[in-house]
Amino acid sequence: MTAETVRLTAPASRRWLSLPKVDRSVGLPIAVVVLLVTFFSLATESFATWRNFTALSGQAGALLIVCLGGSFIILMGSIDLSVGAIVLFVAAASVQILNHTEIGGGIFFVAAAIGAGLGLVNGLVYAVGRVPSFVVTLGTLSIFSGLALQILQGRAIQFDLPGFEEIAIGQLVPRLPNIALCALLAWGGAVLVANRTRFGRYMALIGGGETVARIAGIPVRRYKIYAFALAGLLTGIGAILIVARLGAAGPSVGQDLLLSSLAAIVVGGTSLAGGVGGPHRTLIGVLIITIIDNGLNLMGVSQYSQMVVKGAVVIAAVLVSRERSLAALVK
């Protein structure tokens with residue numbers, strides 16, 4: 001046997017050693033979804049029913065829309081703590097506009113514009129003022145919440161537009177609420193943006209190394225502003241759909257979205273260090289968080305215990321993601 005024959009046959013004899021490895025950041029969350037569905041289906045009879053599927057998809061739809069913009073922000077290595085406050089402010093302002101004008105369905109554009117404006121404020125202070133995103137959004141969380149509570153005067157306000165709730169709870173596709181359908185369409189659009197556009201590529205590059213991105217000629221500051229404005233726009237759309245689903249805006253709207261959205265994004269496989277993940281993985285994370293919420297509710301677990309579980313899930317997800325980026329700094 002010649003040396004050349006050995007070179008040709010040896011790789012074939014060891015072909016089983018070179019099988020493609022499964023990406024743990026994708027495979028693990030999918031496995032968790034399967035395990036959760038199996039567990040809750042066995043633990044409670046009401047979980048694996050069409051009625052519960054409709055309720056679960058409605059909950060997941062609202063969370064998914066809000067998480068999509070945040071996925072880009074975390075992908076570029078930043079963070080947005082004001083997501084729940086933006087939802088509350090947009091919800092409060094939108095209900096008042098609905099009740100005092102004849103705007104009708106145009107409220108969707110107004111809500112999106114308000115959300116984009118609030119996100120733009122975050123982005124400008126962060127990028128132009130060079131203030132850490134954590135500090136900026138922690139401050140605007142308080143500002144936006146305070147303004148929203150002043151609009152609501154501490155009470156829930158119902159909207160005065162007959163049929164408006166059908167936009168969220170109606171079912172163009174049987175057993176799938178429209179809010180979930182809108183979320184899937186938004187998710188598809190976000191995935192295309194992340195994978196097929198300059199904006200999506202720049203988000204990953206900035207998260208992977210901001211200094212390198214600057215040297216490469218990427219206008220980092222401008223794209224940071226774009227990311228926060230986009231996140232605000234999507235959050236505004238999510239807020240008006242949440243209002244349509246609930247039938248009112250109250251002080252508790254968006255209260256749990258901060259923890260839930262961060263948990264969903266990180267659990268889905270987007271690293272807090274930036275540069276890894278994106279909205280395509282966020283769908284899996286949203287399913288995990290929603291299934292946990294839904295299943296624990298059906299089992300009669302208290303809301304306080306659910307908060308403990310969510311916090312533990314976030315910590316576990318960060319520990320798992322940290323193994324692949326030990327040298328990265330979380331910004």
# chains A, B, ... in the order shown; residues from 1 in each chain; ligands from 1
call {"tool": "residues_around", "arguments": {"residues": "A:Gly250", "least_positions_apart": "4", "cutoff": "12 Å", "atoms": "only C-alpha atoms", "output": "PDB file with C-alpha atoms, in the first residue's frame"}}
result
ATOM      1  CA  VAL A  87     -44.796  48.963  27.238  1.00  0.00           C
ATOM      2  CA  LEU A  88     -46.540  50.678  30.153  1.00  0.00           C
ATOM      3  CA  PHE A  89     -46.048  54.177  28.716  1.00  0.00           C
ATOM      4  CA  VAL A  90     -47.161  53.217  25.200  1.00  0.00           C
ATOM      5  CA  ALA A  91     -50.185  51.372  26.594  1.00  0.00           C
ATOM      6  CA  ALA A  92     -51.241  54.309  28.764  1.00  0.00           C
ATOM      7  CA  ALA A  93     -50.742  56.895  26.025  1.00  0.00           C
ATOM      8  CA  SER A  94     -52.463  54.768  23.387  1.00  0.00           C
ATOM      9  CA  VAL A  95     -55.592  54.208  25.456  1.00  0.00           C
ATOM     10  CA  GLN A  96     -55.922  57.914  26.149  1.00  0.00           C
ATOM     11  CA  SER A 145     -42.884  54.378  34.408  1.00  0.00           C
ATOM     12  CA  ALA A 148     -47.140  56.446  32.457  1.00  0.00           C
ATOM     13  CA  LEU A 149     -48.516  56.248  35.996  1.00  0.00           C
ATOM     14  CA  GLN A 150     -49.263  59.971  35.873  1.00  0.00           C
ATOM     15  CA  ILE A 151     -51.260  59.403  32.677  1.00  0.00           C
ATOM     16  CA  LEU A 152     -53.171  56.527  34.266  1.00  0.00           C
ATOM     17  CA  GLN A 153     -53.492  58.237  37.647  1.00  0.00           C
ATOM     18  CA  GLY A 154     -52.886  54.880  39.277  1.00  0.00           C
ATOM     19  CA  ARG A 155     -55.944  53.150  37.760  1.00  0.00           C
ATOM     20  CA  ALA A 156     -56.776  50.929  34.810  1.00  0.00           C
ATOM     21  CA  ILE A 157     -58.379  52.645  31.791  1.00  0.00           C
ATOM     22  CA  GLN A 158     -60.430  50.747  29.214  1.00  0.00           C
ATOM     23  CA  PHE A 159     -60.369  51.748  25.554  1.00  0.00           C
ATOM     24  CA  ALA A 239     -47.709  47.173  23.791  1.00  0.00           C
ATOM     25  CA  ILE A 242     -51.207  43.677  24.707  1.00  0.00           C
ATOM     26  CA  VAL A 243     -53.720  46.468  25.303  1.00  0.00           C
ATOM     27  CA  LEU A 246     -56.381  42.787  27.807  1.00  0.00           C
ATOM     28  CA  GLY A 254     -45.570  45.245  31.407  1.00  0.00           C
ATOM     29  CA  GLN A 255     -44.631  44.711  35.040  1.00  0.00           C
TER      30      GLN A 255
END
call {"tool": "closest_atom_pairs", "arguments": {"of": "stretch 115-200 of chain A", "to": "stretch 286-305 of chain A", "cutoff": "12 Å", "atoms": "only C-alpha atoms", "output": "JSON lines"}}
result
{"residue": "A:Ala180", "atom": "CA", "partner": "A:Leu287", "partner_atom": "CA", "distance": 11.8}
{"residue": "A:Ala183", "atom": "CA", "partner": "A:Val286", "partner_atom": "CA", "distance": 11.1}
{"residue": "A:Leu184", "atom": "CA", "partner": "A:Val286", "partner_atom": "CA", "distance": 11.7}
{"residue": "A:Trp187", "atom": "CA", "partner": "A:Val286", "partner_atom": "CA", "distance": 11.4}
call {"tool": "write_last_selection", "arguments": {"atoms": "all heavy atoms", "output": "PDB file, in the first residue's frame"}}
result
ATOM      1  N   ALA A 180     -50.513  36.005  18.244  1.00  0.00           N
ATOM      2  CA  ALA A 180     -49.453  35.023  17.999  1.00  0.00           C
ATOM      3  C   ALA A 180     -49.070  35.011  16.524  1.00  0.00           C
ATOM      4  O   ALA A 180     -47.884  34.875  16.181  1.00  0.00           O
ATOM      5  CB  ALA A 180     -49.915  33.634  18.440  1.00  0.00           C
ATOM      6  N   ALA A 183     -46.907  37.928  15.910  1.00  0.00           N
ATOM      7  CA  ALA A 183     -45.582  37.696  16.489  1.00  0.00           C
ATOM      8  C   ALA A 183     -44.737  36.812  15.580  1.00  0.00           C
ATOM      9  O   ALA A 183     -43.538  37.065  15.405  1.00  0.00           O
ATOM     10  CB  ALA A 183     -45.729  37.058  17.869  1.00  0.00           C
ATOM     11  N   LEU A 184     -45.337  35.794  14.996  1.00  0.00           N
ATOM     12  CA  LEU A 184     -44.588  34.912  14.095  1.00  0.00           C
ATOM     13  C   LEU A 184     -44.138  35.665  12.841  1.00  0.00           C
ATOM     14  O   LEU A 184     -43.020  35.460  12.348  1.00  0.00           O
ATOM     15  CB  LEU A 184     -45.452  33.708  13.712  1.00  0.00           C
ATOM     16  CG  LEU A 184     -45.682  32.676  14.831  1.00  0.00           C
ATOM     17  CD1 LEU A 184     -46.660  31.602  14.362  1.00  0.00           C
ATOM     18  CD2 LEU A 184     -44.368  32.044  15.276  1.00  0.00           C
ATOM     19  N   TRP A 187     -41.331  37.857  13.904  1.00  0.00           N
ATOM     20  CA  TRP A 187     -40.139  37.035  14.115  1.00  0.00           C
ATOM     21  C   TRP A 187     -39.475  36.680  12.782  1.00  0.00           C
ATOM     22  O   TRP A 187     -38.244  36.767  12.648  1.00  0.00           O
ATOM     23  CB  TRP A 187     -40.516  35.761  14.861  1.00  0.00           C
ATOM     24  CG  TRP A 187     -39.386  34.785  15.021  1.00  0.00           C
ATOM     25  CD1 TRP A 187     -38.336  34.876  15.883  1.00  0.00           C
ATOM     26  CD2 TRP A 187     -39.177  33.579  14.279  1.00  0.00           C
ATOM     27  NE1 TRP A 187     -37.493  33.802  15.731  1.00  0.00           N
ATOM     28  CE2 TRP A 187     -37.989  32.988  14.759  1.00  0.00           C
ATOM     29  CE3 TRP A 187     -39.901  32.934  13.273  1.00  0.00           C
ATOM     30  CZ2 TRP A 187     -37.500  31.787  14.250  1.00  0.00           C
ATOM     31  CZ3 TRP A 187     -39.419  31.736  12.766  1.00  0.00           C
ATOM     32  CH2 TRP A 187     -38.234  31.179  13.245  1.00  0.00           C
TER      33      TRP A 187
END
call {"tool": "residues_around", "arguments": {"residues": "A:Glu165", "least_positions_apart": "2", "cutoff": "8 Å", "atoms": "only C-alpha atoms", "output": "ChimeraX atom specification"}}
result
/A:162-163,167-170,244-247
call {"tool": "residues_around", "arguments": {"residues": "stretch 115-126 of chain A", "least_positions_apart": "5", "cutoff": "8 Å", "atoms": "only C-alpha atoms", "output": "PyMOL selection string"}}
result
chain A and resi 86-87+90+131-133+136-137+140+224-237
call {"tool": "write_last_selection", "arguments": {"atoms": "C-alpha atoms", "output": "PDB file, in the first residue's frame"}}
result
ATOM      1  CA  ILE A  86     -41.916  51.437  27.471  1.00  0.00           C
ATOM      2  CA  VAL A  87     -44.796  48.963  27.238  1.00  0.00           C
ATOM      3  CA  VAL A  90     -47.161  53.217  25.200  1.00  0.00           C
ATOM      4  CA  VAL A 131     -23.336  56.414  29.227  1.00  0.00           C
ATOM      5  CA  PRO A 132     -23.449  52.626  29.805  1.00  0.00           C
ATOM      6  CA  SER A 133     -26.673  51.099  28.484  1.00  0.00           C
ATOM      7  CA  VAL A 136     -29.294  54.708  30.806  1.00  0.00           C
ATOM      8  CA  THR A 137     -32.124  52.204  30.673  1.00  0.00           C
ATOM      9  CA  THR A 140     -35.419  55.675  31.773  1.00  0.00           C
ATOM     10  CA  LYS A 224     -26.336  51.546  18.347  1.00  0.00           C
ATOM     11  CA  ILE A 225     -28.961  54.273  18.009  1.00  0.00           C
ATOM     12  CA  TYR A 226     -30.697  52.297  15.247  1.00  0.00           C
ATOM     13  CA  ALA A 227     -30.832  49.215  17.476  1.00  0.00           C
ATOM     14  CA  PHE A 228     -32.499  51.000  20.374  1.00  0.00           C
ATOM     15  CA  ALA A 229     -34.960  52.775  18.073  1.00  0.00           C
ATOM     16  CA  LEU A 230     -35.912  49.457  16.452  1.00  0.00           C
ATOM     17  CA  ALA A 231     -36.311  47.841  19.855  1.00  0.00           C
ATOM     18  CA  GLY A 232     -38.597  50.662  20.945  1.00  0.00           C
ATOM     19  CA  LEU A 233     -40.668  50.392  17.765  1.00  0.00           C
ATOM     20  CA  LEU A 234     -41.243  46.657  18.219  1.00  0.00           C
ATOM     21  CA  THR A 235     -41.985  47.154  21.907  1.00  0.00           C
ATOM     22  CA  GLY A 236     -44.566  49.798  20.986  1.00  0.00           C
ATOM     23  CA  ILE A 237     -46.289  47.384  18.606  1.00  0.00           C
TER      24      ILE A 237
END
call {"tool": "atom_distance", "arguments": {"atom1": "atom CA of A:Ala263", "atom2": "atom CA of A:Val128"}}
result
28.3 Å
call {"tool": "residues_around", "arguments": {"residues": "A:Glu210", "least_positions_apart": "3", "cutoff": "9 Å", "atoms": "only C-alpha atoms", "output": "VMD selection string"}}
result
chain A and resid 76 to 77 205 to 207 213 to 215 220
call {"tool": "select_by_dssp", "arguments": {"residues": "stretch 94-321 of chain A", "states": "helix (DSSP H, G or I)", "output": "PyMOL selection string"}}
result
chain A and resi 94-100+104-127+133-152+166-169+178-196+198-208+210-215+220-246+257-268+279-298+303-321
call {"tool": "atom_distance", "arguments": {"atom1": "atom CA of A:Thr282", "atom2": "atom CA of A:Ala186"}}
result
12.0 Å
call {"tool": "closest_residue", "arguments": {"among": "A:Leu138, A:Leu68, A:Ile218, A:Leu272", "to": "A:Gly189", "atoms": "only C-alpha atoms"}}
result
A:Leu68
call {"tool": "atom_distance", "arguments": {"atom1": "atom CA of A:Phe40", "atom2": "atom CA of A:Ile315"}}
result
22.2 Å
call {"tool": "residues_around", "arguments": {"residues": "A:Gly61", "least_positions_apart": "2", "cutoff": "9 Å", "atoms": "only C-alpha atoms", "output": "VMD selection string"}}
result
chain A and resid 56 to 59 63 to 66 177 to 184 238 286
call {"tool": "closest_residue", "arguments": {"among": "A:Ser82, A:Ser71, A:Asn195, A:Gln171", "to": "A:Phe144", "atoms": "only C-alpha atoms"}}
result
A:Ser82
call {"tool": "select_by_dssp", "arguments": {"residues": "stretch 84-224 of chain A", "states": "strand (DSSP E or B)", "output": "list of chain:residue names"}}
result
A:Ile157, A:Gln158, A:Val173, A:Leu176
call {"tool": "write_last_selection", "arguments": {"atoms": "all heavy atoms", "output": "short mmCIF file (atom, residue, chain, number, x, y, z; two decimals), in the first residue's frame"}}
result
data_model
loop_
_atom_site.label_atom_id
_atom_site.label_comp_id
_atom_site.auth_asym_id
_atom_site.auth_seq_id
_atom_site.Cartn_x
_atom_site.Cartn_y
_atom_site.Cartn_z
N ILE A 157 -57.50 51.92 32.70
CA ILE A 157 -58.38 52.65 31.79
C ILE A 157 -58.72 51.75 30.60
O ILE A 157 -57.81 51.25 29.92
CB ILE A 157 -57.72 53.94 31.29
CG1 ILE A 157 -57.34 54.85 32.46
CG2 ILE A 157 -58.64 54.67 30.33
CD1 ILE A 157 -56.61 56.11 32.05
N GLN A 158 -59.99 51.54 30.36
CA GLN A 158 -60.43 50.75 29.21
C GLN A 158 -60.48 51.62 27.97
O GLN A 158 -60.72 52.82 28.04
CB GLN A 158 -61.80 50.13 29.48
CG GLN A 158 -61.82 49.11 30.60
CD GLN A 158 -63.19 48.49 30.79
OE1 GLN A 158 -64.22 49.14 30.56
NE2 GLN A 158 -63.22 47.24 31.21
N VAL A 173 -56.33 32.22 11.82
CA VAL A 173 -55.96 30.80 11.76
C VAL A 173 -56.60 30.12 12.96
O VAL A 173 -56.39 30.56 14.09
CB VAL A 173 -54.43 30.61 11.80
CG1 VAL A 173 -54.07 29.12 11.80
CG2 VAL A 173 -53.78 31.32 10.63
N LEU A 176 -55.30 29.75 16.76
CA LEU A 176 -54.09 30.56 16.88
C LEU A 176 -54.49 32.02 16.96
O LEU A 176 -54.94 32.61 15.97
CB LEU A 176 -53.15 30.34 15.69
CG LEU A 176 -51.80 31.07 15.76
CD1 LEU A 176 -50.92 30.44 16.84
CD2 LEU A 176 -51.09 31.01 14.41
#
call {"tool": "closest_residue", "arguments": {"among": "A:Ser260, A:Gly311, A:Tyr223, A:Pro174", "to": "A:Arg198", "atoms": "only C-alpha atoms"}}
result
A:Tyr223
